[in-house]
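Following: one structure in structure tokens, then a few remarks.
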Amino acid sequence: MSRAALNLGYVPLVDAAPLVIARELGFAADEGLTLNLLRQPGWSALRDLLVMGQLDAAHMLSPLPIALSLGLGGVAAPVDALMTLSANGNVIGVSADLAARMRAVGWDGRFDTPVETGRALLAACPAPRIGVPFPHSMHVELIHYWLGALGHTAPQIVTVPPPQMAEAVRAGEVDAFCVGEPWGSVAVDSGAGELILPGAAIWAFAPEKVLGARRDWIDAHPAETRALMRAIWRAGEWLSEAENRALASEVLARSAYLDLPAALIDRALRGELPTRPRALAARVPHFLRFHNNAATFPWRSQAAWIATRMAARHGLDVAQAADVARATFRTDLYRDNLADLAPNLPCGSEKLEGAMPRPTAAPSLRGEVILGPDAFFDGQVFDMSPARPLKKRANPV
């Protein structure tokens, strides 16, 4: 039987796993697809190839389709997020020197205290240069949200491709960084830096990567879109099973993909991260999610949260940007193409973001689905109806 061949772009990160597993374990073949996975050096190259039509779809930063649809960054193109590929998975780290200075001002080195850690960071380095992989990324949103809540409203952002982050820290080009695994662990193992916080400590259920495609390609290829979404969904379900982590690590470690030791990749899949050289691993619940708790559902409220923050920084109309963003997260296609695979779909396509400090039952099409936790560290709750964040829980910074 002939198969449709698709060109998919990705950046070498652990959260590219759904694409890799869909290809290597036959989920794509089962759906009648051949996936040509094309590794990219960074997000600018991936974005440009997708916009120019050299890629059919891609592993993408969750804010990137929104930025493209809004025309930010000098490139405008209607690009949609077909589904979320992963939630969370980022780490925040600092240079070894800055970590020592943070301890000198009283930081105790804990990996789960965003308020205390943020205050120590700003006390030790009042104007840190922070490396991130791309200007339109969840890394940027997390940094702005975190430090902004602590009173530092204009962090110095430096763009560094993920595989180069450890060297940028070592060379003194950045003081701190926010990056997806395994590149934070590479910085630790090389002695260049220490990890001070997981991204999930800032927002417990942040949409990190999405499966992105141009809207014109989606419209012209409904069968391929459906098959691709189904293959990726099944791969994410497989990745969610603990007994599959060892094999997933070995597959991702291959030279064709991340080309790194499998043990390094296994850390992220397990959520067990040494924060400094030769230290015991810190256990991070829900560090990286591929499937459970509706992790792949493209919530339009999450798109609105991203868009309202980007719009405010770039001087765009906030309400209009939120409307554009909602349209880019394709809950309609998710429901149409995955209803039989994922029968327990949420009834709504929007929700209050940050309102669930613990796993919570929500109405689904066939009963209920467990969502969350999705709390923000400062207790804020984002209500997309007025397109503004509201203080709902008493948890002051």
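To be explicit about the labels: the chains of the structure tokens are called A, B, and onward in the order shown, and within each one the residues are counted from 1, while ligands get numbers from 1 in the order they are shown.
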Write out as a list of chain:residue names the residues lying within 10 Å of Gln302 (chain A), counting only C-alpha atoms and excluding same-chain residues fewer than 4 positions away.
A:Ser62, A:Pro63, A:Phe205, A:Ala206, A:Pro207, A:Pro298, A:Ile306, A:Ala307, A:Ala322, A:Ala325, A:Arg326, A:Phe329, A:Ser349, A:Glu350, A:Lys351, A:Leu352, A:Glu353, A:Phe382, A:Met384
Would you save the residues from that selection as a PDB file, in the first residue's frame, using N, CA, C and O atoms?
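Below you can see out03.pdb, which holds the result:
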ATOM      1  N   SER A  62       4.644  26.811  21.286  1.00  0.00           N
ATOM      2  CA  SER A  62       3.208  27.099  21.290  1.00  0.00           C
ATOM      3  C   SER A  62       2.867  28.544  20.918  1.00  0.00           C
ATOM      4  O   SER A  62       1.828  28.779  20.285  1.00  0.00           O
ATOM      5  N   PRO A  63       3.675  29.560  21.257  1.00  0.00           N
ATOM      6  CA  PRO A  63       3.325  30.915  20.831  1.00  0.00           C
ATOM      7  C   PRO A  63       3.648  31.207  19.365  1.00  0.00           C
ATOM      8  O   PRO A  63       3.211  32.246  18.845  1.00  0.00           O
ATOM      9  N   PHE A 205       0.718  23.928  34.098  1.00  0.00           N
ATOM     10  CA  PHE A 205       0.279  23.221  32.894  1.00  0.00           C
ATOM     11  C   PHE A 205       0.430  24.146  31.686  1.00  0.00           C
ATOM     12  O   PHE A 205      -0.548  24.507  31.024  1.00  0.00           O
ATOM     13  N   ALA A 206       1.653  24.521  31.399  1.00  0.00           N
ATOM     14  CA  ALA A 206       1.924  25.427  30.290  1.00  0.00           C
ATOM     15  C   ALA A 206       2.029  24.659  28.981  1.00  0.00           C
ATOM     16  O   ALA A 206       2.809  23.705  28.885  1.00  0.00           O
ATOM     17  N   PRO A 207       1.255  25.036  27.952  1.00  0.00           N
ATOM     18  CA  PRO A 207       1.408  24.368  26.654  1.00  0.00           C
ATOM     19  C   PRO A 207       2.765  24.721  26.057  1.00  0.00           C
ATOM     20  O   PRO A 207       3.028  25.880  25.743  1.00  0.00           O
ATOM     21  N   PRO A 298      -5.902  21.399  22.362  1.00  0.00           N
ATOM     22  CA  PRO A 298      -5.451  22.783  22.093  1.00  0.00           C
ATOM     23  C   PRO A 298      -6.440  23.805  22.650  1.00  0.00           C
ATOM     24  O   PRO A 298      -7.263  24.364  21.932  1.00  0.00           O
ATOM     25  N   ILE A 306      -1.617  33.510  25.889  1.00  0.00           N
ATOM     26  CA  ILE A 306      -0.367  33.832  25.196  1.00  0.00           C
ATOM     27  C   ILE A 306      -0.515  35.134  24.404  1.00  0.00           C
ATOM     28  O   ILE A 306       0.333  36.033  24.472  1.00  0.00           O
ATOM     29  N   ALA A 307      -1.599  35.240  23.648  1.00  0.00           N
ATOM     30  CA  ALA A 307      -1.773  36.382  22.753  1.00  0.00           C
ATOM     31  C   ALA A 307      -1.929  37.699  23.497  1.00  0.00           C
ATOM     32  O   ALA A 307      -1.388  38.723  23.073  1.00  0.00           O
ATOM     33  N   ALA A 322      -6.338  38.334  20.846  1.00  0.00           N
ATOM     34  CA  ALA A 322      -6.911  37.141  21.474  1.00  0.00           C
ATOM     35  C   ALA A 322      -7.836  36.408  20.519  1.00  0.00           C
ATOM     36  O   ALA A 322      -7.835  35.173  20.463  1.00  0.00           O
ATOM     37  N   ALA A 325      -5.738  34.538  18.028  1.00  0.00           N
ATOM     38  CA  ALA A 325      -5.103  33.387  18.668  1.00  0.00           C
ATOM     39  C   ALA A 325      -6.082  32.242  18.867  1.00  0.00           C
ATOM     40  O   ALA A 325      -5.732  31.078  18.642  1.00  0.00           O
ATOM     41  N   ARG A 326      -7.282  32.559  19.303  1.00  0.00           N
ATOM     42  CA  ARG A 326      -8.283  31.506  19.488  1.00  0.00           C
ATOM     43  C   ARG A 326      -8.480  30.708  18.208  1.00  0.00           C
ATOM     44  O   ARG A 326      -8.623  29.488  18.232  1.00  0.00           O
ATOM     45  N   PHE A 329      -5.775  27.861  17.400  1.00  0.00           N
ATOM     46  CA  PHE A 329      -5.775  26.600  18.148  1.00  0.00           C
ATOM     47  C   PHE A 329      -7.009  25.814  17.736  1.00  0.00           C
ATOM     48  O   PHE A 329      -8.124  26.133  18.136  1.00  0.00           O
ATOM     49  N   SER A 349     -14.117  24.349  24.788  1.00  0.00           N
ATOM     50  CA  SER A 349     -12.825  24.599  24.161  1.00  0.00           C
ATOM     51  C   SER A 349     -12.042  25.680  24.894  1.00  0.00           C
ATOM     52  O   SER A 349     -10.931  26.019  24.507  1.00  0.00           O
ATOM     53  N   GLU A 350     -12.639  26.228  25.967  1.00  0.00           N
ATOM     54  CA  GLU A 350     -12.033  27.292  26.746  1.00  0.00           C
ATOM     55  C   GLU A 350     -12.267  26.991  28.226  1.00  0.00           C
ATOM     56  O   GLU A 350     -13.244  26.329  28.575  1.00  0.00           O
ATOM     57  N   LYS A 351     -11.378  27.498  29.053  1.00  0.00           N
ATOM     58  CA  LYS A 351     -11.532  27.315  30.487  1.00  0.00           C
ATOM     59  C   LYS A 351     -10.811  28.443  31.198  1.00  0.00           C
ATOM     60  O   LYS A 351     -10.052  29.204  30.586  1.00  0.00           O
ATOM     61  N   LEU A 352     -11.066  28.563  32.488  1.00  0.00           N
ATOM     62  CA  LEU A 352     -10.261  29.465  33.299  1.00  0.00           C
ATOM     63  C   LEU A 352      -8.864  28.864  33.426  1.00  0.00           C
ATOM     64  O   LEU A 352      -8.714  27.719  33.833  1.00  0.00           O
ATOM     65  N   GLU A 353      -7.847  29.637  33.076  1.00  0.00           N
ATOM     66  CA  GLU A 353      -6.469  29.145  33.179  1.00  0.00           C
ATOM     67  C   GLU A 353      -5.900  29.501  34.546  1.00  0.00           C
ATOM     68  O   GLU A 353      -5.927  30.647  34.964  1.00  0.00           O
ATOM     69  N   PHE A 382      -6.623  33.348  34.852  1.00  0.00           N
ATOM     70  CA  PHE A 382      -6.897  34.071  33.608  1.00  0.00           C
ATOM     71  C   PHE A 382      -8.288  33.726  33.118  1.00  0.00           C
ATOM     72  O   PHE A 382      -8.579  32.569  32.803  1.00  0.00           O
ATOM     73  N   MET A 384     -10.591  34.346  30.100  1.00  0.00           N
ATOM     74  CA  MET A 384     -10.448  34.853  28.741  1.00  0.00           C
ATOM     75  C   MET A 384     -11.637  35.690  28.290  1.00  0.00           C
ATOM     76  O   MET A 384     -11.534  36.415  27.310  1.00  0.00           O
TER      77      MET A 384
END
Please provide the set of residues having any atom within 10 Å of region 255-266 of chain A, restricted to only C-alpha atoms, with same-chain residues fewer than 6 positions apart removed, written as a PDB file with N, CA and C atoms, in the first residue's frame.
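Output (around_5.pdb):
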ATOM      1  N   TYR A  10      11.593  19.589  13.107  1.00  0.00           N
ATOM      2  CA  TYR A  10      11.681  19.576  14.564  1.00  0.00           C
ATOM      3  C   TYR A  10      13.027  20.125  14.988  1.00  0.00           C
ATOM      4  N   VAL A  11      13.098  20.606  16.206  1.00  0.00           N
ATOM      5  CA  VAL A  11      14.343  21.030  16.844  1.00  0.00           C
ATOM      6  C   VAL A  11      14.700  19.953  17.863  1.00  0.00           C
ATOM      7  N   PRO A  12      15.975  19.577  17.982  1.00  0.00           N
ATOM      8  CA  PRO A  12      16.353  18.439  18.840  1.00  0.00           C
ATOM      9  C   PRO A  12      16.126  18.711  20.323  1.00  0.00           C
ATOM     10  N   LEU A  13      14.954  18.331  20.775  1.00  0.00           N
ATOM     11  CA  LEU A  13      14.537  18.470  22.166  1.00  0.00           C
ATOM     12  C   LEU A  13      13.780  17.208  22.558  1.00  0.00           C
ATOM     13  N   VAL A  14      13.725  16.924  23.846  1.00  0.00           N
ATOM     14  CA  VAL A  14      13.004  15.739  24.304  1.00  0.00           C
ATOM     15  C   VAL A  14      11.542  15.821  23.896  1.00  0.00           C
ATOM     16  N   ALA A  16      10.223  16.707  21.262  1.00  0.00           N
ATOM     17  CA  ALA A  16       9.946  16.279  19.888  1.00  0.00           C
ATOM     18  C   ALA A  16       9.587  14.797  19.836  1.00  0.00           C
ATOM     19  N   ALA A  17       9.558  14.151  20.983  1.00  0.00           N
ATOM     20  CA  ALA A  17       9.345  12.704  21.055  1.00  0.00           C
ATOM     21  C   ALA A  17       8.096  12.219  20.329  1.00  0.00           C
ATOM     22  N   VAL A  20       8.968  11.629  16.703  1.00  0.00           N
ATOM     23  CA  VAL A  20       9.944  10.552  16.534  1.00  0.00           C
ATOM     24  C   VAL A  20       9.299   9.191  16.793  1.00  0.00           C
ATOM     25  N   LEU A  37      11.398  13.180   8.949  1.00  0.00           N
ATOM     26  CA  LEU A  37      11.683  14.100  10.039  1.00  0.00           C
ATOM     27  C   LEU A  37      12.971  14.851   9.754  1.00  0.00           C
ATOM     28  N   LEU A  38      12.869  16.170   9.704  1.00  0.00           N
ATOM     29  CA  LEU A  38      13.984  17.029   9.292  1.00  0.00           C
ATOM     30  C   LEU A  38      14.417  17.890  10.465  1.00  0.00           C
ATOM     31  N   ARG A  39      15.578  17.549  11.027  1.00  0.00           N
ATOM     32  CA  ARG A  39      16.094  18.270  12.190  1.00  0.00           C
ATOM     33  C   ARG A  39      16.573  19.662  11.788  1.00  0.00           C
ATOM     34  N   PRO A 163      20.709  23.949  21.490  1.00  0.00           N
ATOM     35  CA  PRO A 163      21.960  23.198  21.625  1.00  0.00           C
ATOM     36  C   PRO A 163      23.170  24.065  21.988  1.00  0.00           C
ATOM     37  N   GLU A 181      14.477  20.648  27.966  1.00  0.00           N
ATOM     38  CA  GLU A 181      15.415  19.546  28.137  1.00  0.00           C
ATOM     39  C   GLU A 181      15.673  18.841  26.809  1.00  0.00           C
ATOM     40  N   PRO A 182      16.893  18.310  26.624  1.00  0.00           N
ATOM     41  CA  PRO A 182      17.897  18.040  27.650  1.00  0.00           C
ATOM     42  C   PRO A 182      18.962  19.110  27.802  1.00  0.00           C
ATOM     43  N   TRP A 183      18.735  20.292  27.223  1.00  0.00           N
ATOM     44  CA  TRP A 183      19.833  21.256  27.137  1.00  0.00           C
ATOM     45  C   TRP A 183      20.137  21.947  28.451  1.00  0.00           C
ATOM     46  N   SER A 185      20.095  20.188  31.274  1.00  0.00           N
ATOM     47  CA  SER A 185      20.936  19.167  31.895  1.00  0.00           C
ATOM     48  C   SER A 185      22.331  19.125  31.281  1.00  0.00           C
ATOM     49  N   VAL A 186      22.440  19.445  30.003  1.00  0.00           N
ATOM     50  CA  VAL A 186      23.762  19.536  29.384  1.00  0.00           C
ATOM     51  C   VAL A 186      24.585  20.630  30.060  1.00  0.00           C
ATOM     52  N   ASP A 189      25.712  19.157  33.455  1.00  0.00           N
ATOM     53  CA  ASP A 189      26.738  18.114  33.352  1.00  0.00           C
ATOM     54  C   ASP A 189      28.079  18.665  32.883  1.00  0.00           C
ATOM     55  N   ARG A 245       9.414   4.450  28.883  1.00  0.00           N
ATOM     56  CA  ARG A 245      10.389   5.541  28.926  1.00  0.00           C
ATOM     57  C   ARG A 245      11.784   5.103  28.508  1.00  0.00           C
ATOM     58  N   ALA A 246      12.200   3.914  28.931  1.00  0.00           N
ATOM     59  CA  ALA A 246      13.555   3.465  28.595  1.00  0.00           C
ATOM     60  C   ALA A 246      13.720   3.337  27.082  1.00  0.00           C
ATOM     61  N   LEU A 247      12.751   2.726  26.416  1.00  0.00           N
ATOM     62  CA  LEU A 247      12.833   2.592  24.966  1.00  0.00           C
ATOM     63  C   LEU A 247      12.754   3.962  24.296  1.00  0.00           C
ATOM     64  N   ALA A 248      11.879   4.826  24.787  1.00  0.00           N
ATOM     65  CA  ALA A 248      11.779   6.163  24.208  1.00  0.00           C
ATOM     66  C   ALA A 248      13.112   6.894  24.318  1.00  0.00           C
ATOM     67  N   SER A 249      13.790   6.778  25.444  1.00  0.00           N
ATOM     68  CA  SER A 249      15.084   7.435  25.630  1.00  0.00           C
ATOM     69  C   SER A 249      16.109   6.917  24.634  1.00  0.00           C
ATOM     70  N   GLU A 272      13.213  13.679  36.811  1.00  0.00           N
ATOM     71  CA  GLU A 272      14.205  13.572  37.873  1.00  0.00           C
ATOM     72  C   GLU A 272      15.487  14.245  37.386  1.00  0.00           C
ATOM     73  N   LEU A 273      15.756  15.453  37.909  1.00  0.00           N
ATOM     74  CA  LEU A 273      16.790  16.306  37.339  1.00  0.00           C
ATOM     75  C   LEU A 273      17.824  16.700  38.387  1.00  0.00           C
TER      76      LEU A 273
END
Residues of region 116-233 of chain A that have any atom at most 7 Å from an atom of region 103-108 of chain A: could you tabulate them with the shortest-distance atom pair and the distance in Å to one decimal, using only C-alpha atoms, ordered by chain and increasing number, as CSV?
residue,atom,partner,partner_atom,distance
A:Thr117,CA,A:Trp107,CA,6.5
A:Ala120,CA,A:Trp107,CA,5.8
A:Ala124,CA,A:Val105,CA,6.8
So that I have them on file, write out the residues from the current selection with all heavy atoms, as a PDB file, in the first residue's frame.
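Output contents, as saved in selection-v7.pdb:
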ATOM      1  N   THR A 117      13.341  31.933  45.084  1.00  0.00           N
ATOM      2  CA  THR A 117      14.412  31.804  44.096  1.00  0.00           C
ATOM      3  C   THR A 117      14.490  33.054  43.214  1.00  0.00           C
ATOM      4  O   THR A 117      15.585  33.553  42.924  1.00  0.00           O
ATOM      5  CB  THR A 117      14.170  30.558  43.232  1.00  0.00           C
ATOM      6  OG1 THR A 117      14.242  29.395  44.070  1.00  0.00           O
ATOM      7  CG2 THR A 117      15.205  30.438  42.130  1.00  0.00           C
ATOM      8  N   ALA A 120      16.076  35.905  45.160  1.00  0.00           N
ATOM      9  CA  ALA A 120      17.520  35.713  45.294  1.00  0.00           C
ATOM     10  C   ALA A 120      18.236  36.018  43.980  1.00  0.00           C
ATOM     11  O   ALA A 120      19.314  36.621  43.970  1.00  0.00           O
ATOM     12  CB  ALA A 120      17.810  34.289  45.753  1.00  0.00           C
ATOM     13  N   ALA A 124      21.004  38.999  43.630  1.00  0.00           N
ATOM     14  CA  ALA A 124      22.381  38.696  43.241  1.00  0.00           C
ATOM     15  C   ALA A 124      22.749  39.301  41.896  1.00  0.00           C
ATOM     16  O   ALA A 124      23.926  39.571  41.626  1.00  0.00           O
ATOM     17  CB  ALA A 124      22.582  37.181  43.193  1.00  0.00           C
TER      18      ALA A 124
END
Compile the contact shell of Leu195 (chain A) as an mmCIF file with N, CA and C atoms, in the first residue's frame: residues with an atom at most 12 Å away, counting only C-alpha atoms, same-chain residues fewer than 5 positions apart removed.
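New file around.cif:
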data_model
loop_
_atom_site.group_PDB
_atom_site.id
_atom_site.type_symbol
_atom_site.label_atom_id
_atom_site.label_comp_id
_atom_site.auth_asym_id
_atom_site.auth_seq_id
_atom_site.Cartn_x
_atom_site.Cartn_y
_atom_site.Cartn_z
ATOM 1 N N ASN A 90 10.304 22.718 30.510
ATOM 2 C CA ASN A 90 11.388 23.696 30.534
ATOM 3 C C ASN A 90 12.068 23.747 31.899
ATOM 4 N N VAL A 91 13.312 24.206 31.885
ATOM 5 C CA VAL A 91 14.045 24.462 33.129
ATOM 6 C C VAL A 91 14.635 25.864 33.068
ATOM 7 N N ILE A 92 14.790 26.456 34.235
ATOM 8 C CA ILE A 92 15.469 27.748 34.367
ATOM 9 C C ILE A 92 16.763 27.495 35.116
ATOM 10 N N GLY A 93 17.839 28.038 34.594
ATOM 11 C CA GLY A 93 19.140 27.847 35.212
ATOM 12 C C GLY A 93 19.949 29.122 35.221
ATOM 13 N N VAL A 94 21.057 29.094 35.919
ATOM 14 C CA VAL A 94 21.960 30.239 36.005
ATOM 15 C C VAL A 94 23.395 29.733 35.877
ATOM 16 N N SER A 95 24.303 30.647 35.636
ATOM 17 C CA SER A 95 25.711 30.274 35.603
ATOM 18 C C SER A 95 26.153 29.802 36.977
ATOM 19 N N ALA A 96 27.224 29.035 37.017
ATOM 20 C CA ALA A 96 27.739 28.545 38.297
ATOM 21 C C ALA A 96 28.107 29.708 39.206
ATOM 22 N N LEU A 98 26.761 32.774 39.209
ATOM 23 C CA LEU A 98 25.548 33.422 39.715
ATOM 24 C C LEU A 98 24.877 32.557 40.781
ATOM 25 N N ALA A 99 24.917 31.254 40.625
ATOM 26 C CA ALA A 99 24.358 30.376 41.656
ATOM 27 C C ALA A 99 25.063 30.590 42.990
ATOM 28 N N GLY A 109 18.874 26.893 47.599
ATOM 29 C CA GLY A 109 19.100 25.909 46.550
ATOM 30 C C GLY A 109 17.923 25.030 46.228
ATOM 31 N N ARG A 110 16.772 25.265 46.867
ATOM 32 C CA ARG A 110 15.605 24.435 46.561
ATOM 33 C C ARG A 110 15.115 24.695 45.139
ATOM 34 N N PHE A 111 14.472 23.652 44.569
ATOM 35 C CA PHE A 111 14.095 23.666 43.157
ATOM 36 C C PHE A 111 12.607 23.917 42.960
ATOM 37 N N ASP A 112 11.892 24.286 44.026
ATOM 38 C CA ASP A 112 10.442 24.402 43.923
ATOM 39 C C ASP A 112 9.899 25.648 44.607
ATOM 40 N N THR A 117 13.341 31.933 45.084
ATOM 41 C CA THR A 117 14.412 31.804 44.096
ATOM 42 C C THR A 117 14.490 33.054 43.214
ATOM 43 N N ALA A 166 24.332 25.881 26.738
ATOM 44 C CA ALA A 166 25.378 25.629 27.729
ATOM 45 C C ALA A 166 26.638 26.426 27.413
ATOM 46 N N ALA A 176 21.641 33.804 32.904
ATOM 47 C CA ALA A 176 20.635 32.797 33.236
ATOM 48 C C ALA A 176 20.009 32.317 31.933
ATOM 49 N N PHE A 177 19.174 31.295 32.029
ATOM 50 C CA PHE A 177 18.562 30.758 30.813
ATOM 51 C C PHE A 177 17.271 30.050 31.153
ATOM 52 N N CYS A 178 16.411 29.952 30.158
ATOM 53 C CA CYS A 178 15.226 29.095 30.220
ATOM 54 C C CYS A 178 15.215 28.296 28.935
ATOM 55 N N VAL A 179 15.228 26.973 29.042
ATOM 56 C CA VAL A 179 15.377 26.127 27.863
ATOM 57 C C VAL A 179 14.698 24.787 28.118
ATOM 58 N N GLY A 180 14.332 24.118 27.055
ATOM 59 C CA GLY A 180 13.766 22.780 27.165
ATOM 60 C C GLY A 180 14.853 21.740 27.338
ATOM 61 N N GLU A 181 14.477 20.648 27.966
ATOM 62 C CA GLU A 181 15.415 19.546 28.137
ATOM 63 C C GLU A 181 15.673 18.841 26.809
ATOM 64 N N PRO A 182 16.893 18.310 26.624
ATOM 65 C CA PRO A 182 17.897 18.040 27.650
ATOM 66 C C PRO A 182 18.962 19.110 27.802
ATOM 67 N N TRP A 183 18.735 20.292 27.223
ATOM 68 C CA TRP A 183 19.833 21.256 27.137
ATOM 69 C C TRP A 183 20.137 21.947 28.451
ATOM 70 N N GLY A 184 19.176 22.002 29.374
ATOM 71 C CA GLY A 184 19.507 22.467 30.711
ATOM 72 C C GLY A 184 20.395 21.480 31.435
ATOM 73 N N SER A 185 20.095 20.188 31.274
ATOM 74 C CA SER A 185 20.936 19.167 31.895
ATOM 75 C C SER A 185 22.331 19.125 31.281
ATOM 76 N N VAL A 186 22.440 19.445 30.003
ATOM 77 C CA VAL A 186 23.762 19.536 29.384
ATOM 78 C C VAL A 186 24.585 20.630 30.060
ATOM 79 N N ALA A 187 23.961 21.758 30.366
ATOM 80 C CA ALA A 187 24.664 22.841 31.057
ATOM 81 C C ALA A 187 25.130 22.399 32.435
ATOM 82 N N VAL A 188 24.297 21.619 33.121
ATOM 83 C CA VAL A 188 24.680 21.120 34.439
ATOM 84 C C VAL A 188 25.843 20.140 34.327
ATOM 85 N N ASP A 189 25.712 19.157 33.455
ATOM 86 C CA ASP A 189 26.738 18.114 33.352
ATOM 87 C C ASP A 189 28.079 18.665 32.883
ATOM 88 N N LEU A 273 15.756 15.453 37.909
ATOM 89 C CA LEU A 273 16.790 16.306 37.339
ATOM 90 C C LEU A 273 17.824 16.700 38.387
ATOM 91 N N PRO A 274 19.085 16.279 38.246
ATOM 92 C CA PRO A 274 20.141 16.854 39.085
ATOM 93 C C PRO A 274 20.275 18.347 38.774
ATOM 94 N N THR A 275 20.257 19.180 39.793
ATOM 95 C CA THR A 275 20.287 20.620 39.572
ATOM 96 C C THR A 275 21.698 21.197 39.556
ATOM 97 N N ARG A 276 22.668 20.406 39.983
ATOM 98 C CA ARG A 276 24.072 20.825 39.953
ATOM 99 C C ARG A 276 24.923 19.580 39.782
ATOM 100 N N PRO A 277 26.159 19.729 39.338
ATOM 101 C CA PRO A 277 26.987 18.544 39.110
ATOM 102 C C PRO A 277 27.101 17.663 40.350
ATOM 103 N N ALA A 279 24.963 16.194 42.071
ATOM 104 C CA ALA A 279 23.906 16.298 43.084
ATOM 105 C C ALA A 279 22.872 15.211 42.868
ATOM 106 N N ALA A 281 19.186 13.856 42.227
ATOM 107 C CA ALA A 281 18.165 14.403 41.347
ATOM 108 C C ALA A 281 17.007 14.977 42.150
ATOM 109 N N ALA A 282 16.508 16.115 41.665
ATOM 110 C CA ALA A 282 15.274 16.690 42.208
ATOM 111 C C ALA A 282 14.101 16.086 41.452
#
With region 150-160 of chain A as the partner and 12 Å as the cut-off, tabulate the residues of region 32-88 of chain A that qualify, each row holding the nearest pair of atoms and their distance in Å to one decimal, using only C-alpha atoms, sorted by chain and rising number, as JSON lines.
{"residue": "A:Pro41", "atom": "CA", "partner": "A:Val160", "partner_atom": "CA", "distance": 10.7}
{"residue": "A:Gly42", "atom": "CA", "partner": "A:Val160", "partner_atom": "CA", "distance": 8.6}
{"residue": "A:Trp43", "atom": "CA", "partner": "A:Val160", "partner_atom": "CA", "distance": 10.0}
{"residue": "A:Ser44", "atom": "CA", "partner": "A:Thr159", "partner_atom": "CA", "distance": 10.5}
What is the CA of Trp305 (chain A)-CA of Ala268 (chain A) distance in Å, reported with one decimal?
26.0 Å
At a cut-off of 10 Å, using only C-alpha atoms, what residues contact Ala4 (chain A)? Leave out same-chain residues fewer than 4 positions from it and give the result as a tab-separated table (two decimals) with N, CA and C atoms, in the first residue's frame.
chain	number	residue	atom	x	y	z
A	28	ALA	N	2.64	6.18	12.58
A	28	ALA	CA	2.40	6.89	11.33
A	28	ALA	C	2.09	5.91	10.20
A	29	ALA	N	2.86	4.84	10.13
A	29	ALA	CA	2.61	3.84	9.09
A	29	ALA	C	1.20	3.26	9.22
A	31	GLU	N	-1.35	4.74	10.06
A	31	GLU	CA	-2.30	5.74	9.54
A	31	GLU	C	-2.05	6.05	8.06
A	32	GLY	N	-1.17	5.26	7.42
A	32	GLY	CA	-0.91	5.45	6.00
A	32	GLY	C	0.04	6.57	5.68
A	33	LEU	N	0.95	6.89	6.60
A	33	LEU	CA	1.88	7.99	6.41
A	33	LEU	C	3.33	7.53	6.47
A	34	THR	N	4.17	8.19	5.70
A	34	THR	CA	5.62	8.12	5.87
A	34	THR	C	6.08	9.49	6.33
A	35	LEU	N	6.72	9.55	7.50
A	35	LEU	CA	7.18	10.83	8.04
A	35	LEU	C	8.66	11.02	7.77
A	223	ALA	N	-7.19	14.71	4.63
A	223	ALA	CA	-6.93	13.32	4.97
A	223	ALA	C	-5.56	13.17	5.64
A	224	GLU	N	-4.55	13.86	5.09
A	224	GLU	CA	-3.21	13.79	5.68
A	224	GLU	C	-3.19	14.45	7.06
A	227	ALA	N	-4.74	11.95	9.47
A	227	ALA	CA	-3.84	10.83	9.73
A	227	ALA	C	-2.67	11.26	10.61
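Coordinates place CA of Arg358 (chain A) at a distance of 19.4 Å from CA of Asn344 (chain A).
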Mind listing the helix (DSSP H, G or I) residues of region 17-153 of chain A, per DSSP on the backbone, as a ChimeraX atom specification?
/A:17-24,27-30,43-51,64-70,72-74,96-104,114-124,138-149
For Leu122 (chain A), which residue among A:Lys209, A:Arg283, A:Arg101, A:His136 is the nearest when counting only C-alpha atoms?
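Once distances to Leu122 (chain A) are computed over only C-alpha atoms, the minimum belongs to A:Arg101.
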Which residues are near Trp238 (chain A)? Cut-off 12 Å, only C-alpha atoms, ignore same chain within fewer than 5 positions. Put them as a VMD selection string.
chain A and resid 17 to 22 25 to 27 231 to 233 243 to 245 247 to 248 289 to 292
Quick one: of A:Ala192, A:Ala81, A:Trp146, A:Thr225, who's nearest to Leu6 (chain A), counting only C-alpha atoms?
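Of A:Ala192, A:Ala81, A:Trp146, A:Thr225, the one nearest Leu6 (chain A) is A:Thr225, counting only C-alpha atoms.
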10 Å contact set for Val115 (chain A), only C-alpha atoms, chain neighbours under 2 positions out, as an MDAnalysis selection string:
chainID A and resid 112:113 117:121 146:147 149:150 201:202 377:378 396:397
To one decimal place in Å, what is the distance between CA of Ser69 (chain A) and CA of Gly236 (chain A)?
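Interatomic distance, CA of Ser69 (chain A) to CA of Gly236 (chain A): 26.4 Å.
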What residues in region 184-352 of chain A get the DSSP label strand (DSSP E)? Please answer as a ChimeraX atom specification.
/A:193-198,207-214,272-274,281-283,288-289
